[in-house]
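Peer 1: See coords_17.pdb below, with PDB, C-alpha atoms.
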ATOM      1  CA  MET A 102     -12.561  18.988  18.605
ATOM      2  CA  LYS A 103     -11.633  15.367  18.052
ATOM      3  CA  THR A 104      -7.983  14.810  18.851
ATOM      4  CA  LYS A 105      -5.566  14.064  16.039
ATOM      5  CA  VAL A 106      -2.959  12.708  18.437
ATOM      6  CA  TYR A 107      -2.301   8.965  18.414
ATOM      7  CA  GLU A 108      -0.234   7.051  20.914
ATOM      8  CA  ASN A 109       2.028   5.353  18.386
ATOM      9  CA  ALA A 110       2.544   4.311  14.775
ATOM     10  CA  ALA A 111       0.714   1.003  15.145
ATOM     11  CA  LEU A 112      -2.526   2.741  16.118
ATOM     12  CA  ALA A 113      -2.142   5.517  13.547
ATOM     13  CA  CYS A 114      -1.566   3.052  10.694
ATOM     14  CA  ALA A 115      -3.941   0.307  11.815
ATOM     15  CA  ASP A 116      -6.573   0.858   9.103
ATOM     16  CA  ILE A 117      -4.198   0.805   6.136
ATOM     17  CA  SER A 118      -5.597  -2.169   4.235
ATOM     18  CA  SER A 119      -4.847  -4.357   1.240
ATOM     19  CA  GLY A 120      -5.256  -2.498  -2.034
ATOM     20  CA  SER A 121      -4.584   0.937  -0.511
ATOM     21  CA  SER A 122      -2.532   3.571  -2.299
ATOM     22  CA  LEU A 123       0.228   4.866  -0.054
ATOM     23  CA  MET A 124       2.278   8.033  -0.449
ATOM     24  CA  SER A 125       5.559   7.950   1.420
ATOM     25  CA  GLY A 126       7.593  11.108   1.972
ATOM     26  CA  GLY A 127      11.351  11.137   1.753
ATOM     27  CA  PHE A 128      14.172  11.628  -0.703
ATOM     28  CA  GLY A 129      16.165   8.440  -0.709
ATOM     29  CA  LEU A 130      16.294   7.777   3.020
ATOM     30  CA  CYS A 131      16.135  11.426   4.099
ATOM     31  CA  GLY A 132      12.848  12.358   5.766
ATOM     32  CA  ILE A 133      11.235   8.919   5.636
ATOM     33  CA  ALA A 134       8.547   7.958   8.162
ATOM     34  CA  GLU A 135      10.535   5.178   9.826
ATOM     35  CA  ASN A 136       8.028   4.324  12.561
ATOM     36  CA  CYS A 137       5.132   4.170  10.099
ATOM     37  CA  ILE A 138       7.068   1.882   7.768
ATOM     38  CA  ASP A 139       7.843  -0.438  10.690
ATOM     39  CA  ALA A 140       4.163  -0.474  11.673
ATOM     40  CA  ILE A 141       3.027  -1.280   8.121
ATOM     41  CA  ALA A 142       5.549  -4.117   8.024
ATOM     42  CA  GLU A 143       3.608  -5.693  10.909
ATOM     43  CA  LEU A 144       0.238  -5.515   9.121
ATOM     44  CA  ASN A 145      -1.191  -8.535   7.299
ATOM     45  CA  ILE A 146      -1.840  -6.698   4.038
ATOM     46  CA  ASN A 147      -0.752  -6.795   0.392
ATOM     47  CA  ASN A 148      -1.406  -5.298  -3.055
ATOM     48  CA  LEU A 149      -0.303  -1.805  -2.048
ATOM     49  CA  THR A 150       0.312   0.923  -4.604
ATOM     50  CA  VAL A 151       3.204   3.028  -3.332
ATOM     51  CA  ILE A 152       4.016   6.556  -4.492
ATOM     52  CA  SER A 153       7.498   7.515  -3.359
ATOM     53  CA  ASN A 154      10.646   9.055  -4.818
ATOM     54  CA  ASN A 155      12.208   5.630  -4.422
ATOM     55  CA  ILE A 156      11.152   2.416  -2.731
ATOM     56  CA  GLY A 157      13.848   2.345  -0.111
ATOM     57  CA  ASN A 158      17.574   2.001  -0.535
ATOM     58  CA  SER A 159      20.290  -0.453   0.488
ATOM     59  CA  GLY A 160      17.903  -2.641   2.469
ATOM     60  CA  ARG A 161      16.368   0.242   4.429
ATOM     61  CA  GLY A 162      13.182   2.282   4.324
ATOM     62  CA  LEU A 163      10.312   0.965   2.209
ATOM     63  CA  VAL A 164      12.405  -2.101   1.346
ATOM     64  CA  LYS A 165      11.054  -3.540   4.602
ATOM     65  CA  ILE A 166       7.598  -3.932   3.076
ATOM     66  CA  LEU A 167       8.866  -4.496  -0.469
ATOM     67  CA  VAL A 168      10.616  -7.746   0.489
ATOM     68  CA  GLN A 169       7.395  -8.876   2.194
ATOM     69  CA  ASN A 170       5.732  -8.694  -1.243
ATOM     70  CA  LYS A 171       3.233  -6.140   0.027
ATOM     71  CA  ILE A 172       3.743  -3.746  -2.913
ATOM     72  CA  SER A 173       2.243  -4.611  -6.291
ATOM     73  CA  LYS A 174       2.738  -1.263  -8.034
ATOM     74  CA  ALA A 175       5.055   1.690  -7.500
ATOM     75  CA  TYR A 176       5.337   5.191  -8.906
ATOM     76  CA  CYS A 177       8.854   6.527  -8.385
ATOM     77  CA  SER A 178      11.583   8.566 -10.021
ATOM     78  CA  TYR A 179      14.693   6.714  -8.838
ATOM     79  CA  VAL A 180      15.393   3.018  -8.365
ATOM     80  CA  GLY A 181      19.194   2.996  -8.154
ATOM     81  CA  GLY A 182      20.819   1.456  -5.104
ATOM     82  CA  ASN A 183      17.877  -0.878  -4.536
ATOM     83  CA  PRO A 184      18.738  -4.447  -5.571
ATOM     84  CA  ASP A 185      15.522  -5.786  -4.010
ATOM     85  CA  LEU A 186      13.405  -3.590  -6.274
ATOM     86  CA  GLU A 187      15.557  -4.472  -9.272
ATOM     87  CA  LYS A 188      14.987  -8.169  -8.606
ATOM     88  CA  GLN A 189      11.208  -7.783  -8.360
ATOM     89  CA  MET A 190      11.093  -5.628 -11.495
ATOM     90  CA  LEU A 191      12.992  -8.244 -13.475
ATOM     91  CA  ASP A 192      10.905 -11.183 -12.277
ATOM     92  CA  GLY A 193       7.654  -9.295 -12.892
ATOM     93  CA  SER A 194       6.380  -9.419  -9.313
ATOM     94  CA  ILE A 195       5.992  -5.626  -9.158
ATOM     95  CA  GLN A 196       4.823  -3.053 -11.688
ATOM     96  CA  VAL A 197       6.917   0.113 -11.676
ATOM     97  CA  GLU A 198       6.093   3.374 -13.427
ATOM     98  CA  LEU A 199       9.206   5.515 -13.594
ATOM     99  CA  VAL A 200       8.274   9.201 -13.508
ATOM    100  CA  PRO A 201      10.730  12.062 -14.157
ATOM    101  CA  GLN A 202      11.285  13.778 -10.829
ATOM    102  CA  GLY A 203       9.849  17.166 -11.811
ATOM    103  CA  THR A 204       6.788  15.483 -13.281
ATOM    104  CA  PHE A 205       6.527  13.320 -10.161
ATOM    105  CA  SER A 206       6.376  16.418  -7.935
ATOM    106  CA  GLU A 207       3.904  18.179 -10.208
ATOM    107  CA  ARG A 208       1.562  15.177 -10.416
ATOM    108  CA  ILE A 209       1.374  15.120  -6.622
ATOM    109  CA  ARG A 210       0.982  18.895  -6.371
ATOM    110  CA  ALA A 211      -1.789  18.791  -8.966
ATOM    111  CA  ALA A 212      -3.717  16.267  -6.890
ATOM    112  CA  GLY A 213      -3.532  18.494  -3.832
ATOM    113  CA  LEU A 214      -4.811  21.500  -5.794
ATOM    114  CA  GLY A 215      -7.648  19.668  -7.525
ATOM    115  CA  ILE A 216      -5.998  19.759 -10.959
ATOM    116  CA  ARG A 217      -6.904  16.584 -12.816
ATOM    117  CA  ALA A 218      -4.111  16.584 -15.393
ATOM    118  CA  PHE A 219      -1.556  18.806 -17.137
ATOM    119  CA  TYR A 220       0.637  18.865 -20.231
ATOM    120  CA  THR A 221       4.425  18.787 -20.046
ATOM    121  CA  PRO A 222       7.181  18.426 -22.656
ATOM    122  CA  THR A 223       9.212  16.274 -20.266
ATOM    123  CA  GLY A 224       9.379  12.720 -21.507
ATOM    124  CA  TYR A 225       8.034  13.358 -25.002
ATOM    125  CA  GLY A 226       9.549  10.948 -27.506
ATOM    126  CA  THR A 227      10.701   8.533 -24.787
ATOM    127  CA  LEU A 228       9.282   5.461 -23.051
ATOM    128  CA  VAL A 229       7.660   7.838 -20.565
ATOM    129  CA  ALA A 230       5.245   8.984 -23.277
ATOM    130  CA  GLU A 231       4.045   5.541 -24.314
ATOM    131  CA  GLY A 232       0.249   5.288 -24.220
ATOM    132  CA  LYS A 233      -0.222   8.939 -23.204
ATOM    133  CA  GLU A 234      -2.083  11.664 -25.071
ATOM    134  CA  THR A 235       0.116  14.229 -26.814
ATOM    135  CA  LYS A 236      -0.581  17.768 -27.950
ATOM    136  CA  ASP A 237       1.431  20.495 -29.657
ATOM    137  CA  PHE A 238       1.847  23.869 -27.949
ATOM    138  CA  ASP A 239       5.124  25.709 -28.530
ATOM    139  CA  LYS A 240       6.539  22.165 -28.503
ATOM    140  CA  PRO A 241       5.046  18.651 -28.268
ATOM    141  CA  CYS A 242       3.777  17.769 -24.804
ATOM    142  CA  ILE A 243       2.352  14.693 -23.104
ATOM    143  CA  LEU A 244      -0.638  14.559 -20.765
ATOM    144  CA  GLU A 245       0.142  13.570 -17.183
ATOM    145  CA  THR A 246      -2.563  12.831 -14.619
ATOM    146  CA  ALA A 247      -2.598  13.768 -10.924
ATOM    147  CA  LEU A 248      -1.331  11.289  -8.348
ATOM    148  CA  HIS A 249      -3.604  10.790  -5.323
ATOM    149  CA  GLY A 250      -3.163   8.582  -2.266
ATOM    150  CA  ASP A 251      -5.513   6.922   0.188
ATOM    151  CA  PHE A 252      -2.864   7.485   2.856
ATOM    152  CA  ALA A 253       0.314   9.551   3.176
ATOM    153  CA  ILE A 254       2.975   8.691   5.743
ATOM    154  CA  ILE A 255       5.374  11.568   6.414
ATOM    155  CA  LYS A 256       7.871  12.677   9.024
ATOM    156  CA  ALA A 257       8.500  16.165  10.391
ATOM    157  CA  GLN A 258      10.955  17.425  12.958
ATOM    158  CA  LYS A 259       8.282  19.219  14.989
ATOM    159  CA  GLY A 260       4.497  19.277  15.053
ATOM    160  CA  ASP A 261       1.774  20.516  17.364
ATOM    161  CA  LYS A 262      -1.358  18.690  18.437
ATOM    162  CA  TYR A 263      -3.425  20.226  15.631
ATOM    163  CA  GLY A 264      -0.935  18.966  13.048
ATOM    164  CA  ASN A 265       0.919  22.160  12.125
ATOM    165  CA  LEU A 266       4.378  21.029  11.033
ATOM    166  CA  TRP A 267       7.941  22.263  10.851
ATOM    167  CA  PHE A 268      10.445  20.248   8.803
ATOM    168  CA  LYS A 269      14.201  20.228   9.220
ATOM    169  CA  GLU A 270      15.957  21.487   6.101
ATOM    170  CA  THR A 271      15.859  19.138   3.088
ATOM    171  CA  ALA A 272      14.021  16.444   5.057
ATOM    172  CA  ARG A 273      10.907  18.369   3.995
ATOM    173  CA  ASN A 274      11.257  17.200   0.351
ATOM    174  CA  PHE A 275       7.956  15.817  -1.083
ATOM    175  CA  SER A 276       6.129  15.504   2.244
ATOM    176  CA  PRO A 277       3.978  18.692   2.250
ATOM    177  CA  LEU A 278       2.763  17.963  -1.290
ATOM    178  CA  MET A 279       1.875  14.396  -0.354
ATOM    179  CA  ALA A 280      -0.026  15.563   2.715
ATOM    180  CA  MET A 281      -2.197  17.716   0.455
ATOM    181  CA  ALA A 282      -2.759  14.908  -2.063
ATOM    182  CA  ALA A 283      -3.839  12.133   0.325
ATOM    183  CA  ARG A 284      -7.216  11.417   1.882
ATOM    184  CA  THR A 285      -5.600  10.566   5.221
ATOM    185  CA  THR A 286      -2.240  12.001   6.242
ATOM    186  CA  ILE A 287      -0.353  10.272   9.056
ATOM    187  CA  VAL A 288       2.541  12.234  10.536
ATOM    188  CA  GLU A 289       5.283  11.173  12.891
ATOM    189  CA  VAL A 290       7.345  13.877  14.557
ATOM    190  CA  GLU A 291      10.474  13.911  16.639
ATOM    191  CA  GLU A 292       8.964  16.633  18.830
ATOM    192  CA  LEU A 293       5.234  16.864  19.597
ATOM    193  CA  VAL A 294       4.413  20.251  21.113
ATOM    194  CA  GLU A 295       1.364  22.195  22.243
ATOM    195  CA  LEU A 296      -0.673  24.339  19.878
ATOM    196  CA  GLY A 297       0.983  27.763  19.582
ATOM    197  CA  GLU A 298       4.527  26.610  20.288
ATOM    198  CA  ILE A 299       5.468  26.753  16.608
ATOM    199  CA  PRO A 300       5.507  30.402  15.439
ATOM    200  CA  PRO A 301       3.015  30.915  12.577
ATOM    201  CA  GLU A 302       5.785  32.112  10.251
ATOM    202  CA  ASP A 303       7.687  28.842  10.831
ATOM    203  CA  ILE A 304       4.838  26.509   9.885
ATOM    204  CA  HIS A 305       5.730  24.646   6.689
ATOM    205  CA  LEU A 306       2.441  22.701   6.480
ATOM    206  CA  PRO A 307      -0.837  23.784   8.119
ATOM    207  CA  GLY A 308      -2.596  21.245  10.288
ATOM    208  CA  ILE A 309      -5.700  21.233   8.093
ATOM    209  CA  PHE A 310      -3.875  18.765   5.856
ATOM    210  CA  VAL A 311      -3.027  16.406   8.743
ATOM    211  CA  GLN A 312      -5.476  13.857  10.140
ATOM    212  CA  ARG A 313      -3.225  11.899  12.537
ATOM    213  CA  ILE A 314      -0.015  12.727  14.380
ATOM    214  CA  PHE A 315       2.172  10.978  16.930
ATOM    215  CA  GLN A 316       5.603  11.358  18.464
ATOM    216  CA  GLY A 317       8.029   8.882  16.958
ATOM    217  CA  SER A 318      10.937   7.155  18.661
ATOM    218  CA  ASN A 319      14.058   5.043  18.157
ATOM    219  CA  TYR A 320      15.202   6.761  14.987
ATOM    220  CA  LYS A 321      18.174   5.016  13.380
ATOM    221  CA  ASN A 322      18.456   6.892  10.086
ATOM    222  CA  ASP A 323      21.960   8.340  10.274
ATOM    223  CA  ILE A 324      21.642   9.923   6.806
ATOM    224  CA  GLU A 325      19.803  12.862   8.406
ATOM    225  CA  PHE A 326      22.670  13.752  10.731
ATOM    226  CA  LEU A 327      25.838  15.643   9.869
ATOM    227  CA  LYS A 328      28.904  13.469  10.323
ATOM    228  CA  VAL A 329      32.205  15.245  10.836
ATOM    229  CA  GLU A 330      35.427  13.300  10.841
ATOM    230  CA  GLU A 331      37.569  14.057  13.826
ATOM    231  CA  GLU A 332      41.185  14.914  13.080
TER     232      GLU A 332
END
Could you show the structure in this file as structure tokens?
Peer 2:
Amino acid sequence: MKTKVYENAALACADISSGSSLMSGGFGLCGIAENCIDAIAELNINNLTVISNNIGNSGRGLVKILVQNKISKAYCSYVGGNPDLEKQMLDGSIQVELVPQGTFSERIRAAGLGIRAFYTPTGYGTLVAEGKETKDFDKPCILETALHGDFAIIKAQKGDKYGNLWFKETARNFSPLMAMAARTTIVEVEELVELGEIPPEDIHLPGIFVQRIFQGSNYKNDIEFLKVEEE
């Protein structure tokens, strides 16, 4: 069996190219693939379509590639706390499709399950519905299409060499859905273990949805750690 294990983020992300669609796990800054984002920041690419709950926050996360003008379009459900994205939205240098968070999750899940589109009442009668097909069921609904990605970059707390993953608490967020919806899923883990070291009942995402995995390092995202004030 060909190994899925890569030495580092640079090698795992090396073939992400201009024009690629990129799914990025994380809720705000919780659960983001920090090493992958740093590696993409070093690539000479542009015109990325990014699918992420938000495009970084307070100068961190995906903001690193946003300020390099590598993102031309973004699908997200939250843009607050991101002055860099606000600036690019206002000057027209990026196209942003705001998607209600439940619809955002379902569009990604649909892609992973092979569902092409679905109807939802969420967003009917608002800007979200502009240009979309509508149909009456028990109430008016709009047609939403599945969201696919060429690549997904996600982070897990623990993974084995086949790609079976265990996530720590809410850092799981959208990542398993994105892994199912992307052609190539790149995973960084804080602990890379041997096959069999994660009990089957603890596996949150089976390795069949993972194509590349590596052990990350130098994590600086303090939002994932409990801070207790000493008295």
Peer 1: Contacts of Tyr263 of chain A at 9 Å or less, counting only C-alpha atoms, minus same-chain residues fewer than 4 places along, as a PyMOL selection string?
Peer 2: chain A and resi 104-106+295-296+307-309+311-314
Peer 1: Taking 4 positions as the minimum chain separation for residues in the same chain, which residues sit within 6 Å of His249 of chain A when counting all atoms listed in the file? Answer as a PyMOL selection string.
Peer 2: chain A and resi 212+282-283
Peer 1: I'd like the neighbourhood of segment 132-143 of chain A as a VMD selection string, where a residue qualifies if any of its atoms comes within 10 Å (using only C-alpha atoms), though same-chain residues fewer than 6 positions away should be ignored.
Peer 2: chain A and resid 109 to 118 125 to 126 153 157 161 to 169 171 253 to 258 268 to 276 287 to 290 315 to 322 324 to 325
Peer 1: As an exercise, work out the distance from atom CA of Glu187 of chain A to atom CA of Pro222 of chain A in Å and give it to one decimal place.
Peer 2: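 Computing it gives 27.8 Å between the two atoms.
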Peer 1: I need the output of the PyMOL selection byres ((chain A and resi 145-151) around 7) for this file as an MDAnalysis selection string; which residues are they?
Peer 2: chainID A and resid 118:124 143:144 152:153 170:176
Peer 1: Give me the result of the PyMOL selection byres ((chain A and resi 266) around 6) on this file, residue by residue, as a list in words.
Peer 2: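 Evaluating the PyMOL selection byres ((chain A and resi 266) around 6) on these coordinates yields Lys259, Gly260, Asn265, Trp267, Ile304, His305 and Leu306 of chain A.
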Peer 1: Any idea what the distance is between atom CA of Val200 of chain A and atom CA of Tyr179 of chain A?
Peer 2: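 So the answer is 8.3 Å.
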Peer 1: Between A:Glu234, A:Asn155, A:Glu298, A:Lys240, which residue has the minimum interatomic distance to Phe205 of chain A, considering all atoms listed in the file?
Peer 2: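 Smallest separation from Phe205 of chain A among the options: A:Asn155.
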Peer 1: Would you compute the distance between atom CA of Ile299 of chain A and atom CA of Lys262 of chain A? Give it in Å to one decimal.
Peer 2: 10.7 Å
Peer 1: Would you pick out the contacts of Asn154 of chain A at 7 Å or less, using only C-alpha atoms, so that residues sharing its chain but fewer than 5 positions from it are not included, and give the list as a PyMOL selection string?
Peer 2: chain A and resi 127-129+177-179
Peer 1: As AutoDock Vina command-line options, please report the centre and edge lengths, rounded to one decimal in Å, of the axis-aligned box that holds all listed atoms of segment 181-190 of chain A with 6 Å of padding on each of the six sides.
Peer 2:
--center_x 16.0 --center_y -2.6 --center_z -7.8 --size_x 21.7 --size_y 23.2 --size_z 19.5
Peer 1: Translate the PyMOL selection byres ((chain A and resi 215) around 12) into a concrete residue list for this structure, as a VMD selection string.
Peer 2: chain A and resid 207 to 214 216 to 219 246 to 249 281 to 283
Peer 1: Pick the closest to Thr285 of chain A from A:Gly250, A:Gly264, A:Pro184, A:Gly297: which is it, counting all atoms listed in the file?
Peer 2: A:Gly250
